[in-house]
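Chemist: Just so it is clear, I am handing over coords.cif, which has mmCIF, C-alpha atoms and all ligand atoms.
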data_query
loop_
_atom_site.group_PDB
_atom_site.id
_atom_site.type_symbol
_atom_site.label_atom_id
_atom_site.label_comp_id
_atom_site.auth_asym_id
_atom_site.auth_seq_id
_atom_site.Cartn_x
_atom_site.Cartn_y
_atom_site.Cartn_z
ATOM 1 C CA MET A 13 1.591 24.032 -16.589
ATOM 2 C CA LEU A 14 4.536 22.390 -18.355
ATOM 3 C CA PHE A 15 3.876 20.251 -21.404
ATOM 4 C CA GLN A 16 3.227 16.636 -20.391
ATOM 5 C CA GLU A 17 3.943 13.767 -22.744
ATOM 6 C CA SER A 18 0.755 11.722 -23.158
ATOM 7 C CA ILE A 19 -0.715 8.944 -25.281
ATOM 8 C CA GLU A 20 -4.410 8.619 -26.089
ATOM 9 C CA LEU A 21 -5.215 4.899 -26.282
ATOM 10 C CA PRO A 22 -6.944 3.757 -29.485
ATOM 11 C CA MET A 23 -9.987 2.314 -27.700
ATOM 12 C CA PRO A 24 -13.548 2.580 -29.071
ATOM 13 C CA ASP A 25 -16.305 3.664 -26.640
ATOM 14 C CA ALA A 26 -13.714 5.106 -24.259
ATOM 15 C CA ARG A 27 -11.497 8.014 -23.438
ATOM 16 C CA VAL A 28 -8.225 6.815 -21.922
ATOM 17 C CA VAL A 29 -5.087 8.953 -21.797
ATOM 18 C CA TYR A 30 -1.754 7.761 -20.408
ATOM 19 C CA PHE A 31 0.942 10.115 -19.096
ATOM 20 C CA PRO A 32 4.045 7.918 -18.657
ATOM 21 C CA ALA A 33 6.054 10.281 -16.471
ATOM 22 C CA LEU A 34 3.930 12.891 -14.737
ATOM 23 C CA PHE A 35 6.199 12.583 -11.674
ATOM 24 C CA ASN A 36 9.976 12.368 -12.171
ATOM 25 C CA ALA A 37 12.023 9.524 -10.665
ATOM 26 C CA ALA A 38 13.165 11.448 -7.586
ATOM 27 C CA GLU A 39 9.641 12.646 -6.789
ATOM 28 C CA SER A 40 8.215 9.182 -7.415
ATOM 29 C CA ASN A 41 10.749 7.489 -5.118
ATOM 30 C CA ALA A 42 9.985 9.974 -2.345
ATOM 31 C CA LEU A 43 6.215 9.666 -2.777
ATOM 32 C CA LEU A 44 6.356 5.858 -2.736
ATOM 33 C CA GLU A 45 8.214 5.940 0.605
ATOM 34 C CA GLU A 46 5.939 8.573 2.096
ATOM 35 C CA LEU A 47 2.752 6.760 1.067
ATOM 36 C CA LYS A 48 4.065 3.426 2.371
ATOM 37 C CA THR A 49 4.608 4.868 5.824
ATOM 38 C CA THR A 50 1.899 7.533 6.279
ATOM 39 C CA ILE A 51 -1.191 5.842 4.829
ATOM 40 C CA ALA A 52 -3.369 3.801 7.222
ATOM 41 C CA TRP A 53 -3.257 0.598 5.171
ATOM 42 C CA ARG A 54 -5.765 -2.149 5.917
ATOM 43 C CA GLN A 55 -6.754 -5.520 4.486
ATOM 44 C CA ASP A 56 -10.525 -5.900 4.416
ATOM 45 C CA ASP A 57 -12.502 -9.017 3.661
ATOM 46 C CA ILE A 58 -14.628 -8.807 0.532
ATOM 47 C CA ARG A 59 -17.477 -10.965 -0.706
ATOM 48 C CA MET A 60 -16.518 -13.019 -3.771
ATOM 49 C CA PHE A 61 -18.679 -15.829 -5.194
ATOM 50 C CA GLY A 62 -20.672 -16.002 -1.924
ATOM 51 C CA LYS A 63 -17.630 -16.243 0.363
ATOM 52 C CA TRP A 64 -15.764 -13.697 2.473
ATOM 53 C CA ILE A 65 -12.069 -13.620 1.582
ATOM 54 C CA PRO A 66 -9.228 -11.192 2.377
ATOM 55 C CA GLN A 67 -8.653 -8.713 -0.414
ATOM 56 C CA PRO A 68 -5.470 -9.600 -2.336
ATOM 57 C CA ARG A 69 -3.890 -6.196 -1.594
ATOM 58 C CA LEU A 70 -4.019 -3.478 1.062
ATOM 59 C CA THR A 71 -6.319 -0.485 0.649
ATOM 60 C CA ALA A 72 -7.212 2.870 2.161
ATOM 61 C CA TRP A 73 -9.845 5.480 1.414
ATOM 62 C CA TYR A 74 -9.343 9.220 1.937
ATOM 63 C CA GLY A 75 -11.547 12.143 0.977
ATOM 64 C CA ASP A 76 -13.982 14.857 1.853
ATOM 65 C CA ALA A 77 -16.080 14.073 4.943
ATOM 66 C CA GLY A 78 -19.303 12.216 4.195
ATOM 67 C CA LYS A 79 -18.181 10.765 0.848
ATOM 68 C CA SER A 80 -18.437 7.074 1.721
ATOM 69 C CA TYR A 81 -17.949 4.389 -0.897
ATOM 70 C CA LYS A 82 -19.493 0.914 -1.222
ATOM 71 C CA TYR A 83 -18.045 -1.909 -3.258
ATOM 72 C CA SER A 84 -17.743 -5.702 -3.088
ATOM 73 C CA GLY A 85 -20.043 -5.712 -0.036
ATOM 74 C CA ILE A 86 -18.012 -3.280 2.071
ATOM 75 C CA THR A 87 -18.553 0.390 2.885
ATOM 76 C CA MET A 88 -15.496 2.565 3.327
ATOM 77 C CA GLN A 89 -15.662 5.819 5.294
ATOM 78 C CA PRO A 90 -13.064 8.344 4.184
ATOM 79 C CA MET A 91 -10.151 9.347 6.352
ATOM 80 C CA PRO A 92 -9.374 13.081 6.240
ATOM 81 C CA TRP A 93 -7.043 14.250 3.451
ATOM 82 C CA LEU A 94 -3.292 14.206 4.092
ATOM 83 C CA PRO A 95 -1.025 16.911 2.599
ATOM 84 C CA VAL A 96 0.750 14.349 0.387
ATOM 85 C CA LEU A 97 -2.576 13.286 -1.127
ATOM 86 C CA LEU A 98 -3.657 16.884 -1.723
ATOM 87 C CA ASP A 99 -0.326 17.554 -3.489
ATOM 88 C CA ILE A 100 -0.827 14.608 -5.855
ATOM 89 C CA LYS A 101 -4.461 15.609 -6.431
ATOM 90 C CA ALA A 102 -3.377 19.163 -7.340
ATOM 91 C CA ARG A 103 -0.927 17.773 -9.913
ATOM 92 C CA ILE A 104 -3.525 15.702 -11.779
ATOM 93 C CA GLU A 105 -6.553 17.997 -11.642
ATOM 94 C CA PRO A 106 -5.363 20.373 -14.422
ATOM 95 C CA LEU A 107 -4.937 17.333 -16.701
ATOM 96 C CA SER A 108 -8.279 15.843 -15.686
ATOM 97 C CA GLY A 109 -10.610 18.813 -16.067
ATOM 98 C CA THR A 110 -12.254 17.856 -12.792
ATOM 99 C CA VAL A 111 -11.937 18.388 -9.046
ATOM 100 C CA TYR A 112 -11.724 15.084 -7.202
ATOM 101 C CA ASN A 113 -13.224 14.644 -3.730
ATOM 102 C CA SER A 114 -11.877 11.230 -2.757
ATOM 103 C CA VAL A 115 -9.152 8.692 -3.435
ATOM 104 C CA LEU A 116 -8.915 4.912 -3.127
ATOM 105 C CA LEU A 117 -5.366 3.704 -2.511
ATOM 106 C CA ASN A 118 -4.172 0.193 -3.348
ATOM 107 C CA TYR A 119 -0.931 -1.350 -2.092
ATOM 108 C CA TYR A 120 0.250 -4.385 -4.088
ATOM 109 C CA ARG A 121 2.906 -6.038 -1.898
ATOM 110 C CA GLY A 122 4.213 -8.255 -4.728
ATOM 111 C CA GLY A 123 3.153 -10.167 -7.835
ATOM 112 C CA SER A 124 0.477 -12.219 -6.072
ATOM 113 C CA ASP A 125 -1.420 -9.084 -5.052
ATOM 114 C CA SER A 126 -3.903 -8.121 -7.752
ATOM 115 C CA MET A 127 -7.257 -6.591 -8.651
ATOM 116 C CA SER A 128 -9.730 -8.692 -10.625
ATOM 117 C CA TRP A 129 -11.916 -7.605 -13.553
ATOM 118 C CA HIS A 130 -14.277 -4.755 -12.706
ATOM 119 C CA ALA A 131 -15.486 -1.364 -13.876
ATOM 120 C CA ASP A 132 -15.549 1.712 -11.690
ATOM 121 C CA ASP A 133 -19.281 2.039 -12.217
ATOM 122 C CA GLU A 134 -20.767 2.243 -8.721
ATOM 123 C CA PRO A 135 -23.857 4.486 -8.625
ATOM 124 C CA GLU A 136 -22.152 7.047 -6.367
ATOM 125 C CA LEU A 137 -19.643 7.768 -9.168
ATOM 126 C CA GLY A 138 -22.453 8.951 -11.487
ATOM 127 C CA ALA A 139 -22.620 8.552 -15.278
ATOM 128 C CA ASN A 140 -19.335 8.831 -17.220
ATOM 129 C CA PRO A 141 -17.074 9.165 -14.175
ATOM 130 C CA VAL A 142 -13.609 10.684 -14.475
ATOM 131 C CA ILE A 143 -11.073 8.410 -12.728
ATOM 132 C CA GLY A 144 -7.509 9.649 -12.223
ATOM 133 C CA SER A 145 -5.056 6.824 -11.506
ATOM 134 C CA VAL A 146 -1.490 7.484 -10.292
ATOM 135 C CA SER A 147 1.105 4.709 -9.853
ATOM 136 C CA PHE A 148 4.377 4.462 -7.933
ATOM 137 C CA GLY A 149 6.722 1.499 -7.558
ATOM 138 C CA ALA A 150 6.920 -1.706 -9.593
ATOM 139 C CA GLU A 151 5.601 -1.681 -13.142
ATOM 140 C CA ARG A 152 2.401 -3.692 -13.482
ATOM 141 C CA MET A 153 0.356 -4.794 -16.478
ATOM 142 C CA PHE A 154 -3.051 -3.142 -16.765
ATOM 143 C CA HIS A 155 -5.648 -4.910 -18.922
ATOM 144 C CA PHE A 156 -8.808 -3.490 -20.456
ATOM 145 C CA ARG A 157 -11.503 -5.761 -21.929
ATOM 146 C CA HIS A 158 -14.454 -4.492 -23.977
ATOM 147 C CA ASN A 159 -17.774 -5.822 -22.627
ATOM 148 C CA ALA A 160 -19.447 -6.509 -25.975
ATOM 149 C CA THR A 161 -16.525 -7.525 -28.219
ATOM 150 C CA GLN A 162 -14.079 -8.893 -25.582
ATOM 151 C CA VAL A 163 -11.338 -6.936 -27.397
ATOM 152 C CA LYS A 164 -8.385 -6.348 -25.066
ATOM 153 C CA GLN A 165 -6.017 -3.433 -24.627
ATOM 154 C CA HIS A 166 -2.902 -3.868 -22.488
ATOM 155 C CA LEU A 167 -0.534 -1.322 -21.093
ATOM 156 C CA VAL A 168 2.211 -1.167 -18.494
ATOM 157 C CA LEU A 169 1.680 1.346 -15.695
ATOM 158 C CA GLY A 170 5.065 2.750 -14.740
ATOM 159 C CA HIS A 171 6.615 4.518 -11.748
ATOM 160 C CA GLY A 172 5.246 8.085 -11.616
ATOM 161 C CA SER A 173 2.646 7.536 -14.326
ATOM 162 C CA PHE A 174 -0.862 8.913 -14.592
ATOM 163 C CA LEU A 175 -3.776 7.159 -16.328
ATOM 164 C CA LEU A 176 -6.942 9.138 -17.006
ATOM 165 C CA MET A 177 -10.164 7.217 -17.692
ATOM 166 C CA ALA A 178 -13.147 9.346 -18.713
ATOM 167 C CA GLY A 179 -16.163 9.569 -21.036
ATOM 168 C CA PRO A 180 -18.049 6.277 -21.493
ATOM 169 C CA THR A 181 -15.017 4.091 -20.597
ATOM 170 C CA GLN A 182 -16.563 2.490 -17.489
ATOM 171 C CA HIS A 183 -19.786 1.579 -19.339
ATOM 172 C CA HIS A 184 -18.042 -0.387 -22.072
ATOM 173 C CA TRP A 185 -14.804 -1.698 -20.607
ATOM 174 C CA GLN A 186 -13.633 -3.572 -17.532
ATOM 175 C CA HIS A 187 -10.063 -3.439 -16.240
ATOM 176 C CA GLN A 188 -7.792 -5.544 -14.022
ATOM 177 C CA ILE A 189 -4.306 -5.805 -12.533
ATOM 178 C CA PRO A 190 -3.465 -9.501 -13.057
ATOM 179 C CA LYS A 191 -1.235 -11.498 -10.754
ATOM 180 C CA THR A 192 2.279 -12.116 -12.064
ATOM 181 C CA GLN A 193 4.881 -14.839 -11.374
ATOM 182 C CA ARG A 194 7.696 -12.367 -11.936
ATOM 183 C CA ALA A 195 9.571 -11.501 -8.757
ATOM 184 C CA ILE A 196 8.600 -7.860 -8.416
ATOM 185 C CA SER A 197 8.613 -5.325 -5.638
ATOM 186 C CA GLU A 198 5.731 -3.347 -4.267
ATOM 187 C CA ARG A 199 3.512 -0.863 -6.044
ATOM 188 C CA ILE A 200 1.115 1.797 -4.787
ATOM 189 C CA ASN A 201 -1.773 3.032 -6.910
ATOM 190 C CA LEU A 202 -4.095 5.928 -6.155
ATOM 191 C CA THR A 203 -7.401 6.254 -7.999
ATOM 192 C CA PHE A 204 -8.908 9.682 -7.503
ATOM 193 C CA ARG A 205 -12.680 9.876 -7.935
ATOM 194 C CA VAL A 206 -15.666 12.171 -7.646
ATOM 195 C CA ILE A 207 -18.330 10.794 -5.306
ATOM 196 C CA ILE A 208 -21.661 12.462 -5.930
HETATM 197 O O1 LIG A 301 -3.987 -0.566 -9.348
HETATM 198 C C1 LIG A 301 -4.496 -0.127 -10.382
HETATM 199 O O2 LIG A 301 -3.847 0.386 -11.279
HETATM 200 C C2 LIG A 301 -5.989 -0.252 -10.585
HETATM 201 C C3 LIG A 301 -6.816 0.148 -9.416
HETATM 202 C C4 LIG A 301 -8.278 0.122 -9.743
HETATM 203 O O3 LIG A 301 -8.698 -0.289 -10.786
HETATM 204 C C5 LIG A 301 -9.232 0.640 -8.761
HETATM 205 O O4 LIG A 301 -8.833 1.053 -7.660
HETATM 206 O O5 LIG A 301 -10.441 0.642 -9.062
HETATM 207 MN MN MN A 302 -10.821 0.302 -11.086
#
Can you give me the file's structure in the form of structure tokens?
Modeler:
Amino acid sequence: MLFQESIELPMPDARVVYFPALFNAAESNALLEELKTTIAWRQDDIRMFGKWIPQPRLTAWYGDAGKSYKYSGITMQPMPWLPVLLDIKARIEPLSGTVYNSVLLNYYRGGSDSMSWHADDEPELGANPVIGSVSFGAERMFHFRHNATQVKQHLVLGHGSFLLMAGPTQHHWQHQIPKTQRAISERINLTFRVII
């Protein structure tokens, strides 16, 4: 494997490593287009504060058969892997030290699409889950907030980047993609996971 530039974030109670350019610009442009057109995007309703509302982004769930995933009151059944997803998975596994069996995809159509504060701590992810997050398209801010101290850590997730979250990160920190007023284009994020 070629050397990959990476930055370990100075966050207590966490292990977060950012690879700014795992995919080069040409690869990233091609993958963004392919994912836009080949993924079966959907907009589910989720339960928030006792009401059902449309999720503020499009999503899709792919993975090994039988690895269903429940969150925000909905259960997603995986669609079978596509070659493009297996290619991306193969690129991040050597950096992750794990073999993923599923991926949640998020499509942010513009600055008013977002993901609110949460941790990836569903029981089916087990203790200390390894989450591998790949981004294509518009740069978006990614915020972490420590549960006990409320300390924040911000970073910008760029086109072709890879963010690895491991160790106790999900126990101590939440994360979000905030809305932005800036006129920005679309972004696709893939979070690879291991469902137990
Ligand atoms: O879009 C992102 O970078 C974050 C996605 C995320 O946190 C998730 O899918 O759980
Ligand atoms: Mn998450």
Chemist: Got a sec to resolve the PyMOL selection byres (((chain A and resi 82) around 12) and not hetatm) on this structure and send the residues as a VMD selection string?
Modeler: chain A and resid 58 73 79 to 81 83 to 90 116 132 to 137 207
Chemist: Distance table requested - chain A against ligand LIG 301 (chain A), cut-off 7 Å, only C-alpha atoms and all ligand atoms: one row per qualifying residue with the closest atom pair and its distance in Å to one decimal, ordered by chain and rising residue number, as CSV.
Modeler:
residue,atom,partner,partner_atom,distance
A:Leu116,CA,A:LIG301,O4,6.0
A:Leu117,CA,A:LIG301,O4,6.7
A:Asn118,CA,A:LIG301,O1,6.1
A:Met127,CA,A:LIG301,C2,6.7
A:Asp132,CA,A:LIG301,O5,5.8
A:Ser145,CA,A:LIG301,O2,6.6
A:Ser147,CA,A:LIG301,O2,6.7
A:Phe154,CA,A:LIG301,O2,6.6
A:His187,CA,A:LIG301,O3,6.4
A:Gln188,CA,A:LIG301,O3,6.2
A:Ile189,CA,A:LIG301,C1,6.1
A:Asn201,CA,A:LIG301,O1,4.9
A:Leu202,CA,A:LIG301,O4,7.0
A:Thr203,CA,A:LIG301,O4,5.4
Chemist: Is there a way to get, as a PyMOL selection string, all residues within 12 Å of the point (-3.6, -0.4, -19.8) in file coordinates, counting all atoms listed in the file?
Modeler: chain A and resi 19-23+28-32+145+151-157+164-170+173-177+185-190
Chemist: Go ahead and save the residues from that selection, with C-alpha atoms, as a PDB file, in the frame of the given file.
Modeler:
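Final output, saved to out.pdb:
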ATOM      1  CA  ILE A  19      -0.715   8.944 -25.281  1.00  0.00           C
ATOM      2  CA  GLU A  20      -4.410   8.619 -26.089  1.00  0.00           C
ATOM      3  CA  LEU A  21      -5.215   4.899 -26.282  1.00  0.00           C
ATOM      4  CA  PRO A  22      -6.944   3.757 -29.485  1.00  0.00           C
ATOM      5  CA  MET A  23      -9.987   2.314 -27.700  1.00  0.00           C
ATOM      6  CA  VAL A  28      -8.225   6.815 -21.922  1.00  0.00           C
ATOM      7  CA  VAL A  29      -5.087   8.953 -21.797  1.00  0.00           C
ATOM      8  CA  TYR A  30      -1.754   7.761 -20.408  1.00  0.00           C
ATOM      9  CA  PHE A  31       0.942  10.115 -19.096  1.00  0.00           C
ATOM     10  CA  PRO A  32       4.045   7.918 -18.657  1.00  0.00           C
ATOM     11  CA  SER A 145      -5.056   6.824 -11.506  1.00  0.00           C
ATOM     12  CA  GLU A 151       5.601  -1.681 -13.142  1.00  0.00           C
ATOM     13  CA  ARG A 152       2.401  -3.692 -13.482  1.00  0.00           C
ATOM     14  CA  MET A 153       0.356  -4.794 -16.478  1.00  0.00           C
ATOM     15  CA  PHE A 154      -3.051  -3.142 -16.765  1.00  0.00           C
ATOM     16  CA  HIS A 155      -5.648  -4.910 -18.922  1.00  0.00           C
ATOM     17  CA  PHE A 156      -8.808  -3.490 -20.456  1.00  0.00           C
ATOM     18  CA  ARG A 157     -11.503  -5.761 -21.929  1.00  0.00           C
ATOM     19  CA  LYS A 164      -8.385  -6.348 -25.066  1.00  0.00           C
ATOM     20  CA  GLN A 165      -6.017  -3.433 -24.627  1.00  0.00           C
ATOM     21  CA  HIS A 166      -2.902  -3.868 -22.488  1.00  0.00           C
ATOM     22  CA  LEU A 167      -0.534  -1.322 -21.093  1.00  0.00           C
ATOM     23  CA  VAL A 168       2.211  -1.167 -18.494  1.00  0.00           C
ATOM     24  CA  LEU A 169       1.680   1.346 -15.695  1.00  0.00           C
ATOM     25  CA  GLY A 170       5.065   2.750 -14.740  1.00  0.00           C
ATOM     26  CA  SER A 173       2.646   7.536 -14.326  1.00  0.00           C
ATOM     27  CA  PHE A 174      -0.862   8.913 -14.592  1.00  0.00           C
ATOM     28  CA  LEU A 175      -3.776   7.159 -16.328  1.00  0.00           C
ATOM     29  CA  LEU A 176      -6.942   9.138 -17.006  1.00  0.00           C
ATOM     30  CA  MET A 177     -10.164   7.217 -17.692  1.00  0.00           C
ATOM     31  CA  TRP A 185     -14.804  -1.698 -20.607  1.00  0.00           C
ATOM     32  CA  GLN A 186     -13.633  -3.572 -17.532  1.00  0.00           C
ATOM     33  CA  HIS A 187     -10.063  -3.439 -16.240  1.00  0.00           C
ATOM     34  CA  GLN A 188      -7.792  -5.544 -14.022  1.00  0.00           C
ATOM     35  CA  ILE A 189      -4.306  -5.805 -12.533  1.00  0.00           C
ATOM     36  CA  PRO A 190      -3.465  -9.501 -13.057  1.00  0.00           C
TER      37      PRO A 190
END
Chemist: Which of these residues is nearest to A:His171, using only C-alpha atoms: A:Ala77, A:Ala131, A:Ala42, A:Leu98?
Modeler: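 Checking each candidate against A:His171, we get A:Ala42 as the closest.
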Chemist: Using all atoms listed in the file, which residue out of A:Ile200, A:Ile104, A:Ala52, A:Val115 lies closest to A:Tyr74?
Modeler: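 Between A:Ile200, A:Ile104, A:Ala52, A:Val115, the residue approaching A:Tyr74 most closely is A:Val115.
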